[in-house]
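Inspection log for the structure reproduced underneath, given as structure tokens.
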Amino acid sequence: MSCSCCLAQSVILDRPRQPYIDATVLAERCPLDNKRKSFSSPRLNPGSITWNESRLQSLPIELYQACLQHLDVQSLTNMRGVSQYTRFAIDGIYQYGEIYKHAPQALRACLSTEVACHIPLRRLHHALTSMECYFCKNLEDPKSRFGTYLSLYECRRCCLFCLRNSPELKQIELMAVMSLCTQRKGCSIRMLQGVPRLKMVPDSYGITRYRAFVSKSFVLSNAVAALGMNLTDKDRRTLFGNDRTAVIYHHPLVHPEQESNIQPTLDFTPPDLHKLIAQTYMSAVPFPYLTSDRQHEDFGVLCEECLRHMLFQEDRWKQDQQRRRVAGGSPIASERRRAFLNGLREKACQKYSKFDTTNKDAKSLALSRGQEYGPETVTSIETHMLTHSKEILSEEEKQWRTKRKRELAVS
């Protein structure tokens with residue numbers, strides 16, 4: 001088993017295999033047709049008898065594109081097979097062109113998971129050119145965090161922390177909901193017709209590489225809860241989990257064995273098992289921020305210092321728990337300890353911009369809102385590292401880091 005320092009470096013270096021939908025798998029399953037210049041068997045071409053009679057061909061291309069850009073991704077994909085002229089028109093839509101050039105994995109993910117019919121092209125492009133996490137921005141206490149992932153259900157940009165810990169992104173199996181609909185009075189399967197459903201891409205998910213190769217469909221738990229279905233308390237706990245449990249955050253890129261136990265009781269049952277955790281990653285894909293000068297794709301970067309400090313505190317609490325057990329004390333984490341480690345995990349999940357243009361865009365965004373640019377806004381990794389330059393590590397943490405470096409050198 002790799003040590004904490006090895007894990008920290010593997011996380012920072014962005015391993016090829018990440019817990020969410022793999023871009024390589026998407027490329028194999030969903031090759032896009034943008035590189036094709038002609039049809040093998042075109043349905044309509046300049047040599048066709050009805051070419052001049054087509055209303056689509058008679059429209060000015062600018063007007064045609066103005067109509068096409070309001071379609072959803074699935075409709076646009078289907079329209080690309082209508083004619084050479086239509087495909088040329090779609091390729092000329094600047095929103096579509098920027099998405100294909102800078103984030104083709106987003107198009108492939110939408111089509112492969114069959115949510116493309118619910119995602120308008122303009123919304124996907126807006127997500128590409130906005131940097132903030134949608135879910136953090138809409139909290140009761142709004143936060144500005146750099147989002148580098150795309151939640152496919154509603155095509156919303158999300159951050160690494162929300163990807164794992166936000167209750168709004170929790171999903172449930174469609175078959176479980178349909179089964180309850182057939183058993184409860186006042187419930188009907190027809191109630192689910194307008195709810196966006198996602199078909200998983202068979203692969204391994206999560207940091208534990210949970211194998212999910214049987215295709216299933218999922219729906220957002222919040223979308224099902226909004227239907228007003230007549231469910232018992234037991235049904236709600238089965239579908240949505242127990243919302244009365246203690247709040248415990250997790251780092252998506254850190255193995256569960258590397259995290260300490262901050263459960264409130266000895267017999268505490270976590271609300272999410274490996275299967276449920278893996279389901280969260282089945283609806284997300286890496287998604288860069290396209291800078292205002294259209295020159296850079298910013299996927300962000302994690303802070304190595306924040307991650308190492310978190311792992312040190314996790315290891316420290318593990319040792320403290322072990323000493324308490326030997327002394328006959330209670331190893332249960334207090335609310336203060338839980339809040340402290342939750343805060344470290346949340347901070348270690350934050351990503352920071354890599355390019356100066358992203359930094360300038362963040363400053364302009366803060367200025368437009370009357371905010372002061374600083375730690376509470378999207379910042380660059382260089383600006384963030386200035387806060388660590390003023391910190392003084394304890395002797396205990398220095399020894400811990402030295403020990404881990406030696407273990408890394410030996411391994």
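Please note that chains go A, B, ... in the order of the structure tokens, that every chain numbers its residues from 1, and that ligands are numbered from 1 in the order shown.
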* DSSP-assigned strand (DSSP E or B) among segment 93-340 of chain A, expressed as a VMD selection string -> chain A and resid 120 132 146 149 to 151 156 to 158 171 to 173 197 to 199 203 to 205 210 to 212 217 to 220 284 to 286 289 to 290 297 to 298 301 to 302
* Asked: What lies within 9 Å of segment 249-259 of chain A using only C-alpha atoms, ignoring chain neighbours under 5 positions off, as a VMD selection string?
  -> chain A and resid 3 to 4 7 to 8 11 18 to 19 160 to 161 163 to 165 206 to 208 311 314 to 315 318 341 to 343 345 to 346 348 to 349
Write the residues of the preceding selection, restricted to N, CA, C and O atoms, as a CSV table (one decimal), in the first residue's frame.
chain,number,residue,atom,x,y,z
A,3,CYS,N,2.2,5.0,0.6
A,3,CYS,CA,2.2,5.9,1.8
A,3,CYS,C,1.5,7.2,1.4
A,3,CYS,O,1.1,7.4,0.3
A,4,SER,N,1.3,8.0,2.4
A,4,SER,CA,0.6,9.2,2.3
A,4,SER,C,1.3,10.2,1.3
A,4,SER,O,0.7,10.9,0.5
A,7,LEU,N,0.8,9.0,-2.2
A,7,LEU,CA,-0.6,9.4,-2.7
A,7,LEU,C,-0.7,10.8,-3.0
A,7,LEU,O,-1.3,11.2,-4.0
A,8,ALA,N,0.0,11.7,-2.2
A,8,ALA,CA,-0.1,13.1,-2.4
A,8,ALA,C,0.5,13.5,-3.8
A,8,ALA,O,-0.1,14.2,-4.5
A,11,VAL,N,-1.8,12.3,-6.7
A,11,VAL,CA,-2.9,13.1,-6.8
A,11,VAL,C,-2.5,14.4,-7.6
A,11,VAL,O,-3.2,14.8,-8.5
A,18,GLN,N,-8.7,8.5,-13.4
A,18,GLN,CA,-9.3,9.3,-12.5
A,18,GLN,C,-10.7,8.7,-12.1
A,18,GLN,O,-11.1,7.8,-12.8
A,19,PRO,N,-11.3,9.1,-11.0
A,19,PRO,CA,-12.5,8.4,-10.5
A,19,PRO,C,-13.7,8.6,-11.3
A,19,PRO,O,-14.7,7.9,-11.2
A,160,LEU,N,-14.3,19.9,-7.4
A,160,LEU,CA,-13.9,18.6,-7.0
A,160,LEU,C,-14.6,18.3,-5.7
A,160,LEU,O,-15.0,17.2,-5.4
A,161,PHE,N,-14.8,19.3,-4.8
A,161,PHE,CA,-15.4,19.0,-3.5
A,161,PHE,C,-16.9,18.7,-3.7
A,161,PHE,O,-17.4,17.7,-3.1
A,163,LEU,N,-18.4,17.5,-6.3
A,163,LEU,CA,-18.5,16.3,-7.0
A,163,LEU,C,-18.7,15.1,-6.1
A,163,LEU,O,-19.4,14.1,-6.4
A,164,ARG,N,-18.0,15.1,-4.9
A,164,ARG,CA,-18.1,14.0,-4.0
A,164,ARG,C,-19.1,14.3,-2.8
A,164,ARG,O,-19.7,13.4,-2.3
A,165,ASN,N,-19.2,15.5,-2.4
A,165,ASN,CA,-19.9,15.8,-1.1
A,165,ASN,C,-21.3,16.5,-1.3
A,165,ASN,O,-22.0,16.7,-0.3
A,206,GLY,N,-14.5,5.7,-9.2
A,206,GLY,CA,-14.0,5.9,-7.8
A,206,GLY,C,-12.6,5.6,-7.6
A,206,GLY,O,-11.9,5.0,-8.4
A,207,ILE,N,-12.0,6.1,-6.5
A,207,ILE,CA,-10.6,5.9,-6.2
A,207,ILE,C,-10.4,4.4,-5.9
A,207,ILE,O,-9.3,4.0,-6.0
A,208,THR,N,-11.4,3.7,-5.5
A,208,THR,CA,-11.3,2.3,-5.2
A,208,THR,C,-11.5,1.4,-6.5
A,208,THR,O,-11.5,0.2,-6.4
A,311,LEU,N,-3.1,15.3,5.0
A,311,LEU,CA,-2.7,13.9,5.3
A,311,LEU,C,-2.0,13.8,6.6
A,311,LEU,O,-2.1,12.8,7.3
A,314,GLU,N,-4.6,13.9,9.3
A,314,GLU,CA,-5.3,12.6,9.3
A,314,GLU,C,-4.5,11.5,10.0
A,314,GLU,O,-5.0,10.8,10.8
A,315,ASP,N,-3.2,11.4,9.7
A,315,ASP,CA,-2.3,10.5,10.3
A,315,ASP,C,-2.2,10.7,11.8
A,315,ASP,O,-2.1,9.8,12.6
A,318,LYS,N,-5.2,9.5,13.6
A,318,LYS,CA,-5.2,8.0,13.7
A,318,LYS,C,-4.3,7.6,14.9
A,318,LYS,O,-4.7,6.7,15.6
A,341,LEU,N,-11.2,18.6,10.7
A,341,LEU,CA,-10.7,17.7,9.6
A,341,LEU,C,-11.6,17.9,8.4
A,341,LEU,O,-11.1,17.8,7.2
A,342,ASN,N,-12.9,18.2,8.6
A,342,ASN,CA,-13.8,18.5,7.4
A,342,ASN,C,-13.3,19.7,6.7
A,342,ASN,O,-13.3,19.8,5.5
A,343,GLY,N,-12.9,20.7,7.5
A,343,GLY,CA,-12.4,21.9,6.9
A,343,GLY,C,-11.1,21.7,6.1
A,343,GLY,O,-10.9,22.3,5.0
A,345,ARG,N,-10.2,18.8,4.6
A,345,ARG,CA,-10.5,18.1,3.5
A,345,ARG,C,-11.2,19.0,2.4
A,345,ARG,O,-10.9,18.8,1.2
A,346,GLU,N,-12.0,19.9,2.9
A,346,GLU,CA,-12.6,20.8,1.9
A,346,GLU,C,-11.6,21.7,1.3
A,346,GLU,O,-11.7,22.0,0.1
A,348,ALA,N,-8.4,21.1,0.9
A,348,ALA,CA,-7.5,20.3,0.0
A,348,ALA,C,-8.1,20.0,-1.3
A,348,ALA,O,-7.5,19.6,-2.3
A,349,CYS,N,-9.5,20.1,-1.4
A,349,CYS,CA,-10.2,19.8,-2.7
A,349,CYS,C,-10.2,20.9,-3.6
A,349,CYS,O,-10.5,20.7,-4.8
Segment 282-338 of chain A: residues DSSP assigns to helix (DSSP H, G or I), reported as a CSV table (one decimal) with C-alpha atoms, in the first residue's frame:
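Contents of the output file out19.csv:
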chain,number,residue,atom,x,y,z
A,304,GLU,CA,0.3,20.1,-2.8
A,305,GLU,CA,0.9,21.8,0.5
A,306,CYS,CA,-2.8,21.8,1.5
A,307,LEU,CA,-3.0,18.1,0.6
A,308,ARG,CA,0.1,17.2,2.6
A,309,HIS,CA,-1.0,19.1,5.6
A,310,MET,CA,-4.4,17.3,5.4
A,311,LEU,CA,-2.7,13.9,5.3
A,312,PHE,CA,-0.5,14.8,8.2
A,313,GLN,CA,-3.5,15.7,10.3
A,314,GLU,CA,-5.3,12.6,9.3
A,315,ASP,CA,-2.3,10.5,10.3
A,316,ARG,CA,-2.0,12.4,13.5
A,317,TRP,CA,-5.6,11.7,14.5
A,318,LYS,CA,-5.2,8.0,13.7
A,319,GLN,CA,-2.2,7.8,16.1
A,320,ASP,CA,-4.2,9.7,18.7
A,321,GLN,CA,-7.1,7.3,18.4
A,322,GLN,CA,-4.7,4.4,18.8
A,323,ARG,CA,-3.3,5.8,22.0
A,324,ARG,CA,-6.8,6.4,23.4
A,325,ARG,CA,-7.7,2.8,22.7
A,326,VAL,CA,-4.6,1.5,24.5
A,335,GLU,CA,-17.6,17.8,16.9
A,336,ARG,CA,-14.6,20.2,17.1
A,337,ARG,CA,-12.3,17.5,15.7
A,338,ARG,CA,-14.8,16.6,13.0
* **Spatial neighbours of Lys354 of chain A, 8 Å, only C-alpha atoms, chain gap at least 5 places, as a list in words** =>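 My list of contacting residues is Asp298, Phe299, Gly300, Val301, Ser380 and Ile381 of chain A.
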How would the residues just picked look written out with N, CA and C atoms as a PDB file, in the first residue's frame?
ATOM      1  N   ASP A 298      -8.032  25.756 -19.029  1.00  0.00           N
ATOM      2  CA  ASP A 298      -7.538  25.680 -17.655  1.00  0.00           C
ATOM      3  C   ASP A 298      -8.297  24.599 -16.892  1.00  0.00           C
ATOM      4  N   PHE A 299      -7.622  23.486 -16.602  1.00  0.00           N
ATOM      5  CA  PHE A 299      -8.198  22.409 -15.795  1.00  0.00           C
ATOM      6  C   PHE A 299      -7.927  22.613 -14.309  1.00  0.00           C
ATOM      7  N   GLY A 300      -7.156  23.661 -13.981  1.00  0.00           N
ATOM      8  CA  GLY A 300      -6.846  23.929 -12.586  1.00  0.00           C
ATOM      9  C   GLY A 300      -5.803  22.976 -12.042  1.00  0.00           C
ATOM     10  N   VAL A 301      -5.325  23.266 -10.849  1.00  0.00           N
ATOM     11  CA  VAL A 301      -4.314  22.441 -10.191  1.00  0.00           C
ATOM     12  C   VAL A 301      -4.583  22.436  -8.693  1.00  0.00           C
ATOM     13  N   SER A 380      -5.150  32.201  -8.456  1.00  0.00           N
ATOM     14  CA  SER A 380      -4.118  31.403  -9.118  1.00  0.00           C
ATOM     15  C   SER A 380      -3.337  30.616  -8.074  1.00  0.00           C
ATOM     16  N   ILE A 381      -2.648  29.594  -8.535  1.00  0.00           N
ATOM     17  CA  ILE A 381      -1.851  28.776  -7.616  1.00  0.00           C
ATOM     18  C   ILE A 381      -0.694  29.586  -7.051  1.00  0.00           C
TER      19      ILE A 381
END
Find the residues near segment 74-79 of chain A: any atom within 9 Å, counting only C-alpha atoms, skip ones fewer than 3 places away on the same chain, and give them as an mmCIF file with all heavy atoms, in the first residue's frame.
data_model
loop_
_atom_site.group_PDB
_atom_site.id
_atom_site.type_symbol
_atom_site.label_atom_id
_atom_site.label_comp_id
_atom_site.auth_asym_id
_atom_site.auth_seq_id
_atom_site.Cartn_x
_atom_site.Cartn_y
_atom_site.Cartn_z
ATOM 1 N N LEU A 68 -30.205 27.060 -35.415
ATOM 2 C CA LEU A 68 -29.589 25.811 -34.951
ATOM 3 C C LEU A 68 -28.987 25.943 -33.546
ATOM 4 O O LEU A 68 -28.996 24.975 -32.777
ATOM 5 C CB LEU A 68 -28.500 25.370 -35.937
ATOM 6 C CG LEU A 68 -28.973 24.855 -37.298
ATOM 7 C CD1 LEU A 68 -27.791 24.670 -38.226
ATOM 8 C CD2 LEU A 68 -29.746 23.551 -37.139
ATOM 9 N N GLN A 69 -28.471 27.113 -33.206
ATOM 10 C CA GLN A 69 -27.773 27.254 -31.927
ATOM 11 C C GLN A 69 -28.709 27.156 -30.727
ATOM 12 O O GLN A 69 -28.242 27.039 -29.595
ATOM 13 C CB GLN A 69 -27.024 28.584 -31.875
ATOM 14 C CG GLN A 69 -27.915 29.814 -31.836
ATOM 15 C CD GLN A 69 -27.113 31.093 -31.746
ATOM 16 O OE1 GLN A 69 -25.904 31.061 -31.581
ATOM 17 N NE2 GLN A 69 -27.789 32.221 -31.857
ATOM 18 N N LEU A 71 -30.853 24.667 -30.418
ATOM 19 C CA LEU A 71 -31.185 23.257 -30.254
ATOM 20 C C LEU A 71 -30.356 22.631 -29.142
ATOM 21 O O LEU A 71 -29.347 23.175 -28.702
ATOM 22 C CB LEU A 71 -30.940 22.505 -31.563
ATOM 23 C CG LEU A 71 -31.827 22.892 -32.763
ATOM 24 C CD1 LEU A 71 -31.414 22.080 -33.980
ATOM 25 C CD2 LEU A 71 -33.295 22.687 -32.454
ATOM 26 N N VAL A 82 -28.369 15.246 -41.718
ATOM 27 C CA VAL A 82 -29.392 15.636 -42.691
ATOM 28 C C VAL A 82 -28.768 15.893 -44.054
ATOM 29 O O VAL A 82 -29.218 15.367 -45.078
ATOM 30 C CB VAL A 82 -30.157 16.884 -42.195
ATOM 31 C CG1 VAL A 82 -31.048 17.446 -43.299
ATOM 32 C CG2 VAL A 82 -30.985 16.536 -40.972
ATOM 33 N N SER A 83 -27.727 16.726 -44.079
ATOM 34 C CA SER A 83 -27.103 17.061 -45.364
ATOM 35 C C SER A 83 -25.725 17.642 -45.129
ATOM 36 O O SER A 83 -25.359 18.007 -43.996
ATOM 37 C CB SER A 83 -27.961 18.078 -46.142
ATOM 38 O OG SER A 83 -27.972 19.327 -45.469
ATOM 39 N N THR A 86 -26.113 21.244 -43.918
ATOM 40 C CA THR A 86 -26.452 21.383 -42.496
ATOM 41 C C THR A 86 -25.240 21.110 -41.620
ATOM 42 O O THR A 86 -25.009 21.805 -40.621
ATOM 43 C CB THR A 86 -27.597 20.429 -42.124
ATOM 44 O OG1 THR A 86 -28.740 20.730 -42.921
ATOM 45 C CG2 THR A 86 -27.961 20.560 -40.657
ATOM 46 N N ARG A 87 -24.462 20.107 -41.989
ATOM 47 C CA ARG A 87 -23.254 19.825 -41.201
ATOM 48 C C ARG A 87 -22.287 21.000 -41.267
ATOM 49 O O ARG A 87 -21.678 21.373 -40.250
ATOM 50 C CB ARG A 87 -22.574 18.562 -41.710
ATOM 51 C CG ARG A 87 -21.283 18.234 -40.971
ATOM 52 C CD ARG A 87 -20.684 16.924 -41.420
ATOM 53 N NE ARG A 87 -21.539 15.807 -41.031
ATOM 54 C CZ ARG A 87 -21.245 14.528 -41.270
ATOM 55 N NH1 ARG A 87 -20.126 14.226 -41.918
ATOM 56 N NH2 ARG A 87 -22.056 13.564 -40.901
ATOM 57 N N ILE A 90 -23.591 23.724 -38.961
ATOM 58 C CA ILE A 90 -23.377 23.438 -37.530
ATOM 59 C C ILE A 90 -21.910 23.628 -37.157
ATOM 60 O O ILE A 90 -21.591 24.176 -36.102
ATOM 61 C CB ILE A 90 -23.850 22.005 -37.194
ATOM 62 C CG1 ILE A 90 -25.372 21.906 -37.364
ATOM 63 C CG2 ILE A 90 -23.446 21.617 -35.774
ATOM 64 C CD1 ILE A 90 -25.923 20.513 -37.168
ATOM 65 N N CYS A 110 -22.083 13.628 -23.010
ATOM 66 C CA CYS A 110 -23.520 13.909 -23.131
ATOM 67 C C CYS A 110 -24.209 12.891 -24.026
ATOM 68 O O CYS A 110 -25.313 12.416 -23.729
ATOM 69 C CB CYS A 110 -23.744 15.318 -23.670
ATOM 70 S SG CYS A 110 -23.211 16.637 -22.560
ATOM 71 N N LEU A 111 -23.567 12.539 -25.137
ATOM 72 C CA LEU A 111 -24.156 11.593 -26.087
ATOM 73 C C LEU A 111 -24.103 10.166 -25.557
ATOM 74 O O LEU A 111 -25.077 9.407 -25.704
ATOM 75 C CB LEU A 111 -23.429 11.678 -27.430
ATOM 76 C CG LEU A 111 -23.567 13.012 -28.178
ATOM 77 C CD1 LEU A 111 -22.597 13.070 -29.355
ATOM 78 C CD2 LEU A 111 -24.996 13.215 -28.661
ATOM 79 N N GLU A 114 -26.672 9.613 -22.810
ATOM 80 C CA GLU A 114 -28.042 9.847 -23.292
ATOM 81 C C GLU A 114 -28.753 10.978 -22.553
ATOM 82 O O GLU A 114 -29.979 10.959 -22.401
ATOM 83 C CB GLU A 114 -28.870 8.560 -23.220
ATOM 84 C CG GLU A 114 -28.298 7.430 -24.054
ATOM 85 C CD GLU A 114 -29.154 6.175 -24.041
ATOM 86 O OE1 GLU A 114 -30.231 6.205 -23.386
ATOM 87 O OE2 GLU A 114 -28.759 5.179 -24.667
ATOM 88 N N VAL A 115 -27.990 11.970 -22.099
ATOM 89 C CA VAL A 115 -28.598 13.163 -21.506
ATOM 90 C C VAL A 115 -28.525 14.344 -22.466
ATOM 91 O O VAL A 115 -28.951 15.445 -22.129
ATOM 92 C CB VAL A 115 -27.913 13.541 -20.170
ATOM 93 C CG1 VAL A 115 -28.086 12.453 -19.144
ATOM 94 C CG2 VAL A 115 -26.434 13.859 -20.381
ATOM 95 N N ALA A 116 -28.007 14.102 -23.658
ATOM 96 C CA ALA A 116 -27.795 15.194 -24.609
ATOM 97 C C ALA A 116 -29.097 15.879 -25.002
ATOM 98 O O ALA A 116 -29.107 17.066 -25.333
ATOM 99 C CB ALA A 116 -27.079 14.671 -25.861
ATOM 100 N N CYS A 117 -30.210 15.142 -24.965
ATOM 101 C CA CYS A 117 -31.490 15.734 -25.358
ATOM 102 C C CYS A 117 -31.985 16.749 -24.331
ATOM 103 O O CYS A 117 -32.906 17.517 -24.602
ATOM 104 C CB CYS A 117 -32.545 14.645 -25.553
ATOM 105 S SG CYS A 117 -32.835 13.608 -24.105
ATOM 106 N N HIS A 118 -31.398 16.765 -23.134
ATOM 107 C CA HIS A 118 -31.782 17.713 -22.086
ATOM 108 C C HIS A 118 -30.804 18.883 -21.968
ATOM 109 O O HIS A 118 -30.981 19.739 -21.109
ATOM 110 C CB HIS A 118 -31.854 16.999 -20.731
ATOM 111 C CG HIS A 118 -32.851 15.882 -20.687
ATOM 112 N ND1 HIS A 118 -34.204 16.105 -20.579
ATOM 113 C CD2 HIS A 118 -32.694 14.540 -20.754
ATOM 114 C CE1 HIS A 118 -34.845 14.954 -20.568
ATOM 115 N NE2 HIS A 118 -33.955 13.984 -20.672
ATOM 116 N N ILE A 119 -29.769 18.906 -22.809
ATOM 117 C CA ILE A 119 -28.706 19.911 -22.658
ATOM 118 C C ILE A 119 -28.684 20.829 -23.870
ATOM 119 O O ILE A 119 -28.233 20.428 -24.957
ATOM 120 C CB ILE A 119 -27.336 19.222 -22.483
ATOM 121 C CG1 ILE A 119 -27.339 18.347 -21.241
ATOM 122 C CG2 ILE A 119 -26.226 20.259 -22.408
ATOM 123 C CD1 ILE A 119 -26.054 17.615 -20.982
ATOM 124 N N PRO A 120 -29.147 22.059 -23.750
ATOM 125 C CA PRO A 120 -29.050 23.016 -24.859
ATOM 126 C C PRO A 120 -27.591 23.362 -25.151
ATOM 127 O O PRO A 120 -26.751 23.415 -24.250
ATOM 128 C CB PRO A 120 -29.817 24.240 -24.347
ATOM 129 C CG PRO A 120 -30.640 23.750 -23.191
ATOM 130 C CD PRO A 120 -29.864 22.626 -22.594
ATOM 131 N N LEU A 121 -27.307 23.593 -26.411
ATOM 132 C CA LEU A 121 -25.943 23.919 -26.806
ATOM 133 C C LEU A 121 -25.457 25.181 -26.102
ATOM 134 O O LEU A 121 -24.313 25.237 -25.637
ATOM 135 C CB LEU A 121 -25.884 24.119 -28.326
ATOM 136 C CG LEU A 121 -24.544 24.612 -28.877
ATOM 137 C CD1 LEU A 121 -23.475 23.543 -28.704
ATOM 138 C CD2 LEU A 121 -24.691 25.007 -30.343
#
* **Nearest-residue call for Tyr281 of chain A, choices A:Lys216, A:Ser166, A:Tyr20, A:Lys363, using only C-alpha atoms** =>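 For Tyr281 of chain A, the nearest of the candidates is A:Tyr20.
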* To do: Name the residues in contact with Leu192 of chain A at a cut-off of 10 Å, using only C-alpha atoms, excluding same-chain residues fewer than 4 positions from it; report them as a list in words.
  =>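 Counting only C-alpha atoms, the residues come to Leu174, Val177, Met178, Cys181, Cys187, Ser188, Pro196, Arg197, Val219, Ala223, Val224 and Leu227 of chain A.
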* **Nearby residues (only C-alpha atoms) at most 12 Å from Asn34 of chain A, same-chain spacing under 3 positions excluded, as a ChimeraX atom specification** => /A:30-31,37-39,77,80-81,84,87-92,96-97,99-101,104,107
